[in-house]
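Shown below: work_3.txt, with compact mmCIF, C-alpha atoms.
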```
# COMPACT_ATOMS: atom_id res chain seq x y z
CA ASN A 684 -7.01 -71.78 -95.37
CA SER A 685 -8.25 -75.00 -93.83
CA PRO A 686 -5.80 -77.78 -92.90
CA ALA A 687 -7.82 -80.39 -94.86
CA PRO A 688 -5.92 -82.76 -97.19
CA LEU A 689 -5.67 -81.58 -100.83
CA PRO A 690 -4.05 -83.28 -103.85
CA GLU A 691 -1.37 -80.57 -104.08
CA ARG A 692 -0.50 -81.04 -100.43
CA ALA A 693 -0.21 -84.81 -100.93
CA ILE A 694 2.23 -84.23 -103.81
CA TYR A 695 4.31 -81.72 -101.79
CA GLY A 696 4.37 -84.14 -98.88
CA PHE A 697 5.54 -87.06 -101.00
CA ALA A 698 8.22 -84.94 -102.74
CA LEU A 699 9.46 -83.78 -99.34
CA PHE A 700 9.47 -87.40 -98.08
CA LEU A 701 11.55 -88.62 -101.04
CA GLY A 702 13.85 -85.59 -100.82
CA SER A 703 14.56 -86.12 -97.12
CA TRP A 704 15.29 -89.84 -97.62
CA PHE A 705 17.64 -88.97 -100.51
CA GLY A 706 19.39 -86.35 -98.38
CA PHE A 707 19.80 -88.79 -95.49
CA ILE A 708 21.27 -91.57 -97.70
CA LEU A 709 23.61 -89.02 -99.31
CA TYR A 710 24.75 -87.88 -95.85
CA LEU A 711 25.44 -91.51 -94.78
CA ILE A 712 27.45 -92.17 -97.97
CA TRP A 713 29.49 -89.02 -97.48
CA ALA A 714 30.18 -89.79 -93.81
CA TYR A 715 31.01 -93.51 -93.99
CA ILE A 716 32.48 -94.40 -97.39
CA PRO A 717 36.29 -93.88 -97.39
CA GLU A 718 37.64 -91.03 -99.47
CA THR A 719 39.71 -93.26 -101.75
CA TRP A 720 36.63 -95.17 -102.92
CA LEU A 721 34.82 -91.88 -103.68
CA PHE A 722 37.89 -90.59 -105.59
CA SER A 723 38.03 -93.78 -107.67
CA LEU A 724 34.39 -93.14 -108.66
CA GLY A 725 35.38 -89.64 -109.77
CA LEU A 726 33.59 -87.71 -106.96
CA THR A 727 36.40 -85.49 -105.65
CA TYR A 728 34.85 -82.12 -104.78
CA TRP A 729 33.07 -82.95 -101.53
CA PRO A 730 33.47 -81.15 -98.17
CA GLN A 731 35.83 -82.53 -95.55
CA LYS A 732 34.46 -85.43 -93.52
CA TYR A 733 35.19 -83.38 -90.40
CA TRP A 734 31.94 -81.53 -91.09
CA ALA A 735 29.90 -84.75 -91.06
CA VAL A 736 30.46 -84.81 -87.28
CA ALA A 737 30.85 -81.08 -86.64
CA LEU A 738 27.54 -79.92 -88.13
CA PRO A 739 25.27 -82.13 -85.97
CA VAL A 740 27.26 -81.13 -82.89
CA TYR A 741 26.88 -77.45 -83.76
CA LEU A 742 23.14 -77.93 -84.23
CA LEU A 743 22.66 -79.67 -80.88
CA VAL A 744 24.73 -77.09 -78.98
CA ALA A 745 22.73 -74.32 -80.69
CA VAL A 746 19.46 -75.94 -79.55
CA GLY A 747 20.78 -76.20 -75.98
CA ILE A 748 21.93 -72.58 -75.96
CA GLY A 749 18.59 -71.58 -77.46
CA TYR A 750 16.78 -72.80 -74.35
CA ILE A 751 19.02 -70.72 -72.08
CA LEU A 752 18.91 -67.73 -74.46
CA LEU A 753 15.10 -67.73 -74.59
CA PHE A 754 14.95 -67.88 -70.81
CA GLY A 755 17.38 -64.98 -70.53
CA ILE A 756 15.57 -62.86 -73.13
CA ASN A 757 12.32 -63.41 -71.25
CA MET A 758 13.90 -62.27 -68.02
CA MET A 759 15.40 -59.21 -69.67
CA SER A 760 12.11 -58.11 -71.25
CA THR A 761 10.17 -58.33 -67.99
CA ALA A 762 9.42 -54.83 -66.78
CA PRO A 763 11.35 -53.94 -63.59
CA LEU A 764 9.39 -53.27 -60.42
CA ASN A 765 9.88 -49.50 -60.68
CA SER A 766 8.58 -48.99 -64.22
CA THR A 767 5.19 -47.52 -65.10
CA HIS A 768 4.60 -50.40 -67.51
CA THR A 769 3.43 -52.50 -64.55
CA ILE A 770 0.55 -50.05 -64.03
CA THR A 771 -0.52 -48.70 -67.39
CA ASP A 772 0.33 -48.59 -71.08
CA ASN A 773 -0.37 -46.49 -74.18
CA TYR A 774 -3.80 -47.95 -74.85
CA ALA A 775 -4.97 -47.33 -71.31
CA LYS A 776 -3.70 -43.75 -71.33
CA LYS A 777 -5.52 -42.90 -74.57
CA GLN A 778 -8.83 -44.59 -73.77
CA GLN A 779 -12.03 -42.59 -74.06
CA HIS A 780 -14.65 -42.57 -71.36
CA LYS A 781 -18.14 -43.54 -72.48
CA LYS A 782 -21.08 -41.95 -70.71
CA PHE A 783 -22.80 -44.03 -68.08
CA GLN A 784 -26.26 -45.22 -69.19
CA GLU A 785 -28.92 -46.49 -66.79
CA GLU A 786 -29.72 -50.23 -67.00
CA ALA A 787 -27.01 -50.88 -69.59
CA ILE A 788 -23.88 -52.95 -69.05
CA PRO A 789 -21.04 -50.49 -68.40
CA ALA A 790 -18.49 -50.19 -71.21
CA LEU A 791 -15.23 -52.10 -70.89
CA ARG A 792 -12.39 -49.89 -69.68
CA ASP A 793 -9.09 -50.05 -67.83
CA ILE A 794 -9.75 -49.27 -64.17
CA PRO A 795 -7.00 -47.19 -62.52
CA ILE A 796 -4.95 -49.03 -59.93
CA SER A 797 -5.91 -46.70 -57.06
CA GLU A 798 -9.57 -47.55 -57.57
CA VAL A 799 -8.83 -51.29 -57.78
CA ASN A 800 -6.85 -51.15 -54.54
CA ARG A 801 -9.60 -49.31 -52.71
CA MET A 802 -12.10 -51.91 -53.86
CA PHE A 803 -9.93 -54.86 -52.79
CA PHE A 804 -8.23 -53.76 -49.62
CA LEU A 805 -10.35 -51.11 -47.92
CA PRO A 806 -13.43 -52.67 -46.36
CA GLU A 807 -16.77 -51.14 -47.39
CA LYS A 808 -18.54 -49.71 -44.38
CA MET B 1394 1.54 -45.71 -29.17
CA ALA B 1395 3.43 -48.56 -30.81
CA GLU B 1396 2.44 -52.09 -31.71
CA GLU B 1397 4.46 -54.86 -33.28
CA ARG B 1398 3.24 -57.87 -35.25
CA ARG B 1399 5.09 -60.76 -36.84
CA PHE B 1400 4.61 -61.63 -40.50
CA ARG B 1401 6.36 -63.61 -43.21
CA SER B 1402 8.29 -62.35 -46.20
CA VAL B 1403 7.90 -63.65 -49.75
CA SER B 1404 10.82 -66.06 -49.26
CA GLY B 1405 9.44 -67.39 -45.95
CA ALA B 1406 11.70 -65.46 -43.54
CA SER B 1407 10.13 -64.01 -40.42
CA ILE B 1408 9.73 -60.22 -40.38
CA ALA B 1409 8.18 -57.81 -37.89
CA LEU B 1410 6.00 -54.80 -38.63
CA ARG B 1411 6.01 -52.00 -36.06
CA ARG B 1412 3.40 -49.26 -36.26
CA ARG B 1413 3.71 -46.02 -34.35
CA GLN B 1414 1.19 -43.21 -34.42
CA HIS B 1415 2.93 -39.96 -33.56
CA SER B 1416 -0.14 -37.78 -34.10
CA ALA B 1417 -3.40 -37.76 -36.00
CA SER B 1418 -1.67 -37.05 -39.30
CA CYS B 1419 1.73 -38.68 -38.75
CA ARG B 1420 2.48 -42.41 -38.75
CA GLU B 1421 5.64 -44.46 -38.86
CA LEU B 1422 5.67 -48.03 -40.18
CA ALA B 1423 8.88 -50.04 -39.83
CA VAL B 1424 9.56 -53.52 -41.21
CA ARG B 1425 12.46 -55.31 -39.58
CA GLY B 1426 14.04 -58.32 -41.24
CA PRO B 1427 15.91 -61.16 -39.50
CA ARG B 1428 19.36 -60.39 -38.09
CA LEU B 1429 22.46 -61.97 -39.58
CA GLN B 1430 22.48 -65.53 -38.22
CA LEU B 1431 25.60 -66.96 -36.62
CA ARG B 1432 25.10 -70.29 -38.39
CA SER B 1433 25.01 -68.80 -41.90
CA LEU B 1434 28.06 -66.65 -41.10
CA SER B 1435 29.97 -69.71 -39.81
CA ALA B 1436 28.86 -71.78 -42.80
CA ALA B 1437 30.08 -69.17 -45.30
CA THR B 1438 33.38 -68.65 -43.45
CA SER B 1439 34.05 -72.39 -43.16
CA ALA B 1440 33.25 -72.94 -46.84
CA VAL B 1441 35.67 -70.22 -47.96
CA TRP B 1442 38.42 -71.38 -45.59
CA LEU B 1443 38.04 -75.07 -46.52
CA ALA B 1444 38.24 -74.18 -50.20
CA ALA B 1445 41.35 -72.10 -49.52
CA TYR B 1446 42.91 -74.97 -47.54
CA GLY B 1447 42.14 -77.30 -50.43
CA LEU B 1448 43.88 -74.90 -52.83
CA PHE B 1449 46.83 -74.65 -50.42
CA ALA B 1450 47.11 -78.45 -50.25
CA LEU B 1451 47.24 -78.54 -54.07
CA SER B 1452 49.54 -75.60 -54.70
CA GLU B 1453 51.71 -75.43 -51.50
CA ASN B 1454 51.44 -71.63 -51.63
CA SER B 1455 50.70 -70.12 -48.23
CA MET B 1456 49.52 -66.83 -49.75
CA VAL B 1457 46.23 -68.61 -50.52
CA LEU B 1458 45.47 -68.92 -46.80
CA SER B 1459 46.17 -65.26 -46.00
CA ALA B 1460 44.20 -64.22 -49.08
CA ALA B 1461 41.25 -66.29 -47.87
CA ILE B 1462 41.28 -64.61 -44.45
CA PHE B 1463 41.49 -61.21 -46.10
CA ILE B 1464 38.65 -62.00 -48.50
CA THR B 1465 36.43 -63.23 -45.67
CA LEU B 1466 36.96 -60.08 -43.59
CA ILE B 1467 36.53 -57.65 -46.47
CA GLY B 1468 33.54 -59.59 -47.80
CA LEU B 1469 31.85 -59.50 -44.42
CA ILE B 1470 32.36 -55.76 -44.05
CA ILE B 1471 31.08 -55.06 -47.57
CA TYR B 1472 28.06 -57.31 -46.99
CA LEU B 1473 27.12 -55.62 -43.73
CA HIS B 1474 27.59 -52.12 -45.08
CA PHE B 1475 26.11 -52.35 -48.56
CA VAL B 1476 23.87 -55.41 -48.78
CA LYS B 1477 22.27 -56.45 -45.49
CA ILE B 1478 19.30 -54.24 -44.74
CA ASP B 1479 18.02 -54.65 -41.19
CA GLN B 1480 15.06 -52.31 -41.14
CA GLU B 1481 13.05 -50.39 -43.71
CA SER B 1482 10.73 -47.72 -42.41
CA LEU B 1483 8.07 -45.48 -43.87
CA LEU B 1484 7.20 -42.17 -42.18
CA VAL B 1485 4.01 -40.63 -43.53
CA ILE B 1486 3.34 -37.04 -42.49
CA GLY B 1487 0.08 -35.77 -43.92
CA SER B 1488 0.46 -32.40 -45.70
CA LEU B 1489 4.27 -32.65 -45.64
CA GLY B 1490 5.45 -35.80 -47.35
CA ILE B 1491 6.65 -39.38 -47.10
CA GLN B 1492 10.10 -40.40 -45.89
CA VAL B 1493 11.58 -43.81 -46.72
CA THR B 1494 14.57 -45.00 -44.67
CA SER B 1495 16.70 -48.13 -45.05
CA SER B 1496 19.01 -49.06 -42.17
CA TYR B 1497 21.90 -51.36 -42.96
CA ALA B 1498 23.46 -53.85 -40.53
CA SER B 1499 26.60 -51.72 -40.16
CA GLY B 1500 24.50 -48.77 -38.96
CA LYS B 1501 24.37 -46.87 -42.25
CA GLU B 1502 21.02 -45.26 -43.02
CA SER B 1503 19.86 -44.20 -46.44
CA THR B 1504 16.88 -41.84 -46.62
CA THR B 1505 14.61 -40.57 -49.36
CA PHE B 1506 11.98 -37.89 -48.89
CA ILE B 1507 9.06 -37.35 -51.27
CA GLU B 1508 6.95 -34.27 -50.70
CA MET B 1509 3.18 -34.63 -50.59
CA GLY B 1510 2.60 -32.54 -53.71
CA GLN B 1511 4.38 -35.16 -55.78
CA VAL B 1512 2.62 -38.17 -54.25
CA LYS B 1513 -0.37 -39.35 -56.25
CA ASP B 1514 -1.18 -42.46 -54.24
CA VAL B 1515 0.29 -45.39 -52.30
CA VAL B 1516 -0.90 -48.68 -53.82
CA ILE B 1517 -0.26 -52.40 -53.68
CA ASN B 1518 0.88 -53.46 -57.15
CA GLU B 1519 1.58 -56.96 -58.40
CA ALA B 1520 4.36 -57.70 -60.87
CA ILE B 1521 6.53 -60.50 -62.16
CA HIS B 1522 9.81 -60.76 -60.27
CA MET B 1523 12.25 -63.61 -60.94
CA GLN B 1524 9.78 -66.36 -61.99
CA LYS B 1525 7.29 -65.32 -59.29
CA VAL B 1526 4.41 -62.88 -59.14
CA ILE B 1527 4.74 -60.79 -55.98
CA TYR B 1528 2.69 -58.08 -54.34
CA TYR B 1529 4.67 -54.99 -53.39
CA LEU B 1530 3.81 -51.60 -52.01
CA CYS B 1531 4.72 -48.60 -54.12
CA ILE B 1532 4.32 -44.83 -54.20
CA LEU B 1533 2.91 -43.40 -57.42
CA LEU B 1534 4.37 -40.00 -58.25
CA GLN B 1535 2.23 -37.40 -59.94
CA ASP B 1536 2.93 -36.37 -63.52
CA PRO B 1537 3.07 -32.54 -63.53
CA GLU B 1538 1.52 -32.23 -67.01
CA ASP B 1539 -1.21 -34.87 -66.75
CA PRO B 1540 -3.34 -34.95 -63.56
CA GLN B 1541 -4.41 -38.56 -64.22
CA GLY B 1542 -0.99 -39.82 -65.22
CA VAL B 1543 1.76 -41.46 -63.23
CA SER B 1544 5.28 -40.23 -63.87
CA GLU B 1545 7.20 -42.66 -61.69
CA VAL B 1546 6.73 -45.71 -59.49
CA VAL B 1547 8.80 -45.97 -56.29
CA PRO B 1548 8.73 -49.51 -54.87
CA LEU B 1549 8.96 -49.82 -51.07
CA PHE B 1550 10.26 -52.58 -48.75
CA GLN B 1551 12.38 -54.03 -51.52
CA SER B 1552 14.71 -56.10 -49.39
CA SER B 1553 12.29 -57.41 -46.77
CA LYS B 1554 9.50 -58.12 -49.31
CA PRO B 1555 6.53 -58.63 -47.00
CA ARG B 1556 3.59 -60.77 -48.04
CA LEU B 1557 0.10 -59.51 -48.80
CA ASP B 1558 -1.24 -59.57 -45.23
CA CYS B 1559 1.50 -57.24 -43.99
CA LEU B 1560 1.14 -55.02 -47.06
CA ILE B 1561 -2.60 -54.63 -46.46
CA GLU B 1562 -1.90 -53.35 -42.92
CA VAL B 1563 0.61 -50.81 -44.20
CA TYR B 1564 -1.73 -49.84 -47.05
CA LYS B 1565 -4.65 -49.18 -44.72
CA SER B 1566 -2.49 -47.06 -42.41
CA CYS B 1567 -1.18 -44.98 -45.31
CA GLN B 1568 -4.61 -44.50 -46.86
CA GLU B 1569 -6.03 -43.18 -43.59
CA ILE B 1570 -3.52 -40.35 -43.73
CA LEU B 1571 -3.70 -39.77 -47.48
CA GLU B 1572 -7.49 -39.44 -47.31
CA GLN B 1573 -7.08 -36.42 -45.04
CA ARG B 1574 -5.51 -34.62 -48.00
CA LYS B 1575 -8.81 -34.51 -49.85
CA THR B 1576 -10.93 -33.39 -46.92
CA ALA B 1577 -8.46 -30.86 -45.53
CA PRO B 1578 -8.58 -27.37 -47.06
CA GLN B 1579 -5.97 -26.78 -49.78
CA SER B 1580 -3.07 -24.65 -48.64
CA SER B 1581 -0.43 -23.35 -51.07
```
Go ahead and express the file in the form of structure tokens.
Amino acid sequence: NSPAPLPERAIYGFALFLGSWFGFILYLIWAYIPETWLFSLGLTYWPQKYWAVALPVYLLVAVGIGYILLFGINMMSTAPLNSTHTITDNYAKKQQHKKFQEEAIPALRDIPISEVNRMFFLPEK
Amino acid sequence: MAEERRFRSVSGASIALRRRQHSASCRELAVRGPRLQLRSLSAATSAVWLAAYGLFALSENSMVLSAAIFITLIGLIIYLHFVKIDQESLLVIGSLGIQVTSSYASGKESTTFIEMGQVKDVVINEAIHMQKVIYYLCILLQDPEDPQGVSEVVPLFQSSKPRLDCLIEVYKSCQEILEQRKTAPQSS
């Protein structure tokens, strides 16, 4: 799964490049060439030109709202100050206590908040 | 004996912590926020009245002016009675419980009492609050089924929001009384 260049990837990239140029030229033709000229060529079943302006505007407004929406979703998912999620969670509640061995590094565990507070804020005499 | 010290809140306002020791196992800690300033009251009133005068100049309807006066008076009363908290106090009585009182600017007092059997510990917790990480003092309530678990978290000093130096003082005072629980003989 490395990101190194491969022949298949080069082919996909080139096909995508040609496809996006073709799509862009098609969009410019649809937006700028008057309808009567397109009708005289026989191309009659195309969407209204209104959408050539409306779709980009919709996209940009959606991107702008997306910024605000993401900000709001973040604020809503933050735990309120009175919830127990600020102190513990399921993994910490179900953790097992390993026995203390002399001269070994103690096992990693979630230290309860009372103990942490005592260590930080009460001076050791 | 009472002593008072000045501190700062999270937003930078000046607050005062007053500690009173009533007895060996009873302490009262009160945090008093700044009073309602005359300049902010005048600024808000002038802003509302200027906006109302602007609306009156546009619409030629004099009801806008009387409505503005009404809104200012009612708004001020609602603010003083429901929003502006002058003093928050914590009364810790070892072996009985903890009482939390909020006094509003209009004189209203709202009190909550938590008995000592339900109190697991009083700790300083840090959490995300409105794009900031703040320290706040909270009471951890015991879970009746699980002796190690916490059933509820009650945050204290929510409107004055003291900074860490003030919280450490309050924490040390509370812990001195809560430690007596372990050494004192259990009484049912």
Listing only residues of chain B within 12 Å of chain A, what is the closest atom pair and its distance in Å (to one decimal) for each, using all atoms listed in the file, sorted by chain and residue number ascending, as CSV?
```
residue,atom,partner,partner_atom,distance
B:Lys1513,CA,A:Ser797,CA,9.2
B:Asp1514,CA,A:Ser797,CA,7.0
B:Val1515,CA,A:Ser797,CA,7.9
B:Val1516,CA,A:Ser797,CA,6.3
B:Ile1517,CA,A:Asn800,CA,6.8
B:Asn1518,CA,A:Ile770,CA,7.7
B:Glu1519,CA,A:Thr769,CA,7.8
B:Ala1520,CA,A:Thr769,CA,6.4
B:Ile1521,CA,A:Thr761,CA,7.2
B:His1522,CA,A:Leu764,CA,7.5
B:Met1523,CA,A:Met758,CA,7.4
B:Gln1524,CA,A:Met758,CA,8.4
B:Lys1525,CA,A:Met758,CA,11.4
B:Val1526,CA,A:Leu764,CA,10.9
B:Ile1527,CA,A:Leu764,CA,9.9
B:Tyr1528,CA,A:Leu764,CA,10.2
B:Tyr1529,CA,A:Leu764,CA,8.6
B:Leu1530,CA,A:Leu764,CA,10.2
B:Cys1531,CA,A:Asn765,CA,8.4
B:Ile1532,CA,A:Asn765,CA,9.7
B:Leu1533,CA,A:Thr767,CA,9.0
B:Leu1534,CA,A:Thr767,CA,10.2
B:Gln1535,CA,A:Thr767,CA,11.7
B:Asp1536,CA,A:Thr767,CA,11.5
B:Asp1539,CA,A:Lys776,CA,10.3
B:Pro1540,CA,A:Lys776,CA,11.7
B:Gln1541,CA,A:Lys776,CA,8.8
B:Gly1542,CA,A:Lys776,CA,7.8
B:Val1543,CA,A:Thr767,CA,7.2
B:Ser1544,CA,A:Thr767,CA,7.4
B:Glu1545,CA,A:Thr767,CA,6.3
B:Val1546,CA,A:Asn765,CA,5.1
B:Val1547,CA,A:Asn765,CA,5.7
B:Pro1548,CA,A:Asn765,CA,5.9
B:Leu1549,CA,A:Asn765,CA,9.7
B:Phe1550,CA,A:Leu764,CA,11.7
B:Gln1551,CA,A:Leu764,CA,9.4
B:Leu1557,CA,A:Phe804,CA,10.2
B:Asp1558,CA,A:Phe804,CA,10.1
B:Cys1559,CA,A:Phe804,CA,11.8
B:Leu1560,CA,A:Phe804,CA,9.8
B:Ile1561,CA,A:Phe804,CA,6.5
B:Glu1562,CA,A:Phe804,CA,9.2
B:Val1563,CA,A:Phe804,CA,10.8
B:Tyr1564,CA,A:Phe804,CA,8.0
B:Lys1565,CA,A:Leu805,CA,6.8
B:Ser1566,CA,A:Leu805,CA,10.4
B:Cys1567,CA,A:Leu805,CA,11.3
B:Gln1568,CA,A:Leu805,CA,8.8
B:Glu1569,CA,A:Leu805,CA,10.0
B:Glu1572,CA,A:Arg801,CA,11.4
```
Writer output for current selection, C-alpha atoms, as a PDB file, keeping the file's coordinate frame:
```pdb
ATOM      1  CA  LYS B1513      -0.370 -39.350 -56.250  1.00  0.00           C
ATOM      2  CA  ASP B1514      -1.180 -42.460 -54.240  1.00  0.00           C
ATOM      3  CA  VAL B1515       0.290 -45.390 -52.300  1.00  0.00           C
ATOM      4  CA  VAL B1516      -0.900 -48.680 -53.820  1.00  0.00           C
ATOM      5  CA  ILE B1517      -0.260 -52.400 -53.680  1.00  0.00           C
ATOM      6  CA  ASN B1518       0.880 -53.460 -57.150  1.00  0.00           C
ATOM      7  CA  GLU B1519       1.580 -56.960 -58.400  1.00  0.00           C
ATOM      8  CA  ALA B1520       4.360 -57.700 -60.870  1.00  0.00           C
ATOM      9  CA  ILE B1521       6.530 -60.500 -62.160  1.00  0.00           C
ATOM     10  CA  HIS B1522       9.810 -60.760 -60.270  1.00  0.00           C
ATOM     11  CA  MET B1523      12.250 -63.610 -60.940  1.00  0.00           C
ATOM     12  CA  GLN B1524       9.780 -66.360 -61.990  1.00  0.00           C
ATOM     13  CA  LYS B1525       7.290 -65.320 -59.290  1.00  0.00           C
ATOM     14  CA  VAL B1526       4.410 -62.880 -59.140  1.00  0.00           C
ATOM     15  CA  ILE B1527       4.740 -60.790 -55.980  1.00  0.00           C
ATOM     16  CA  TYR B1528       2.690 -58.080 -54.340  1.00  0.00           C
ATOM     17  CA  TYR B1529       4.670 -54.990 -53.390  1.00  0.00           C
ATOM     18  CA  LEU B1530       3.810 -51.600 -52.010  1.00  0.00           C
ATOM     19  CA  CYS B1531       4.720 -48.600 -54.120  1.00  0.00           C
ATOM     20  CA  ILE B1532       4.320 -44.830 -54.200  1.00  0.00           C
ATOM     21  CA  LEU B1533       2.910 -43.400 -57.420  1.00  0.00           C
ATOM     22  CA  LEU B1534       4.370 -40.000 -58.250  1.00  0.00           C
ATOM     23  CA  GLN B1535       2.230 -37.400 -59.940  1.00  0.00           C
ATOM     24  CA  ASP B1536       2.930 -36.370 -63.520  1.00  0.00           C
ATOM     25  CA  ASP B1539      -1.210 -34.870 -66.750  1.00  0.00           C
ATOM     26  CA  PRO B1540      -3.340 -34.950 -63.560  1.00  0.00           C
ATOM     27  CA  GLN B1541      -4.410 -38.560 -64.220  1.00  0.00           C
ATOM     28  CA  GLY B1542      -0.990 -39.820 -65.220  1.00  0.00           C
ATOM     29  CA  VAL B1543       1.760 -41.460 -63.230  1.00  0.00           C
ATOM     30  CA  SER B1544       5.280 -40.230 -63.870  1.00  0.00           C
ATOM     31  CA  GLU B1545       7.200 -42.660 -61.690  1.00  0.00           C
ATOM     32  CA  VAL B1546       6.730 -45.710 -59.490  1.00  0.00           C
ATOM     33  CA  VAL B1547       8.800 -45.970 -56.290  1.00  0.00           C
ATOM     34  CA  PRO B1548       8.730 -49.510 -54.870  1.00  0.00           C
ATOM     35  CA  LEU B1549       8.960 -49.820 -51.070  1.00  0.00           C
ATOM     36  CA  PHE B1550      10.260 -52.580 -48.750  1.00  0.00           C
ATOM     37  CA  GLN B1551      12.380 -54.030 -51.520  1.00  0.00           C
ATOM     38  CA  LEU B1557       0.100 -59.510 -48.800  1.00  0.00           C
ATOM     39  CA  ASP B1558      -1.240 -59.570 -45.230  1.00  0.00           C
ATOM     40  CA  CYS B1559       1.500 -57.240 -43.990  1.00  0.00           C
ATOM     41  CA  LEU B1560       1.140 -55.020 -47.060  1.00  0.00           C
ATOM     42  CA  ILE B1561      -2.600 -54.630 -46.460  1.00  0.00           C
ATOM     43  CA  GLU B1562      -1.900 -53.350 -42.920  1.00  0.00           C
ATOM     44  CA  VAL B1563       0.610 -50.810 -44.200  1.00  0.00           C
ATOM     45  CA  TYR B1564      -1.730 -49.840 -47.050  1.00  0.00           C
ATOM     46  CA  LYS B1565      -4.650 -49.180 -44.720  1.00  0.00           C
ATOM     47  CA  SER B1566      -2.490 -47.060 -42.410  1.00  0.00           C
ATOM     48  CA  CYS B1567      -1.180 -44.980 -45.310  1.00  0.00           C
ATOM     49  CA  GLN B1568      -4.610 -44.500 -46.860  1.00  0.00           C
ATOM     50  CA  GLU B1569      -6.030 -43.180 -43.590  1.00  0.00           C
ATOM     51  CA  GLU B1572      -7.490 -39.440 -47.310  1.00  0.00           C
TER      52      GLU B1572
END
```
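Atom to atom, atom CA of Thr727 of chain A and atom CA of Trp704 of chain A stand 23.0 Å apart.
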Original post:
Skipping near chain neighbours, those fewer than 2 positions away, what residues fall within 10 Å of Tyr1497 of chain B using all atoms listed in the file, listed as an MDAnalysis selection string?
Top reply: chainID B and resid 1472:1481 1494:1495 1499:1503
**OP:** With a distance cut-off of 7 Å and only C-alpha atoms, select the neighbouring residues of Arg1412 of chain B, excluding the residue or stretch itself and same-chain residues fewer than 6 positions from it, and output the selection as an NGL selection string.
**Re:** :B and (1395-1397 or 1421-1423)
**OP:** Could you tell me how far atom CA of Ser1482 of chain B lies from atom CA of Leu1469 of chain B, in Å and to one decimal?
**Re:** 24.3 Å
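Taking atom CA of Leu1571 of chain B as the reference point, atom CA of Gln1511 of chain B is found at 12.5 Å.
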**OP:** Show which residues sit within 12 Å of Ala790 of chain A, as an MDAnalysis selection string. Count all atoms listed in the file, and ignore same-chain residues fewer than 5 positions away.
**Re:** chainID A and resid 778:785
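Taking all atoms listed in the file, the non-local environment of segment 711-724 of chain A within 9 Å (same-chain residues fewer than 3 positions away omitted) comprises Gly706, Phe707, Ile708, Thr727, Trp729, Pro730, Lys732, Tyr733, Trp734, Ala735 and Val736 of chain A.
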Enclose segment 1527-1546 of chain B, meaning all of its atoms listed in the file, in a box aligned along x, y and z, pad it by 8 Å on each side, and list the centre and edge lengths in Å to one decimal, as JSON.
```
{"center_x": 1.4, "center_y": -46.5, "center_z": -59.5, "size_x": 27.6, "size_y": 44.6, "size_z": 31.0}
```
**OP:** Please determine the residues with any atom at most 7 Å from (7.1, -38.9, -52.3) (coordinates as given in the file, with only C-alpha atoms counting) and report them as a ChimeraX atom specification.
**Re:** /B:1490-1491,1506-1509,1511-1512,1532,1534
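The point (13.4, -66.3, -39.3) has these residues within 9 Å of it when only C-alpha atoms are used: Arg1401, Gly1405, Ala1406, Ser1407, Ile1408, Gly1426, Pro1427 and Arg1428 of chain B.
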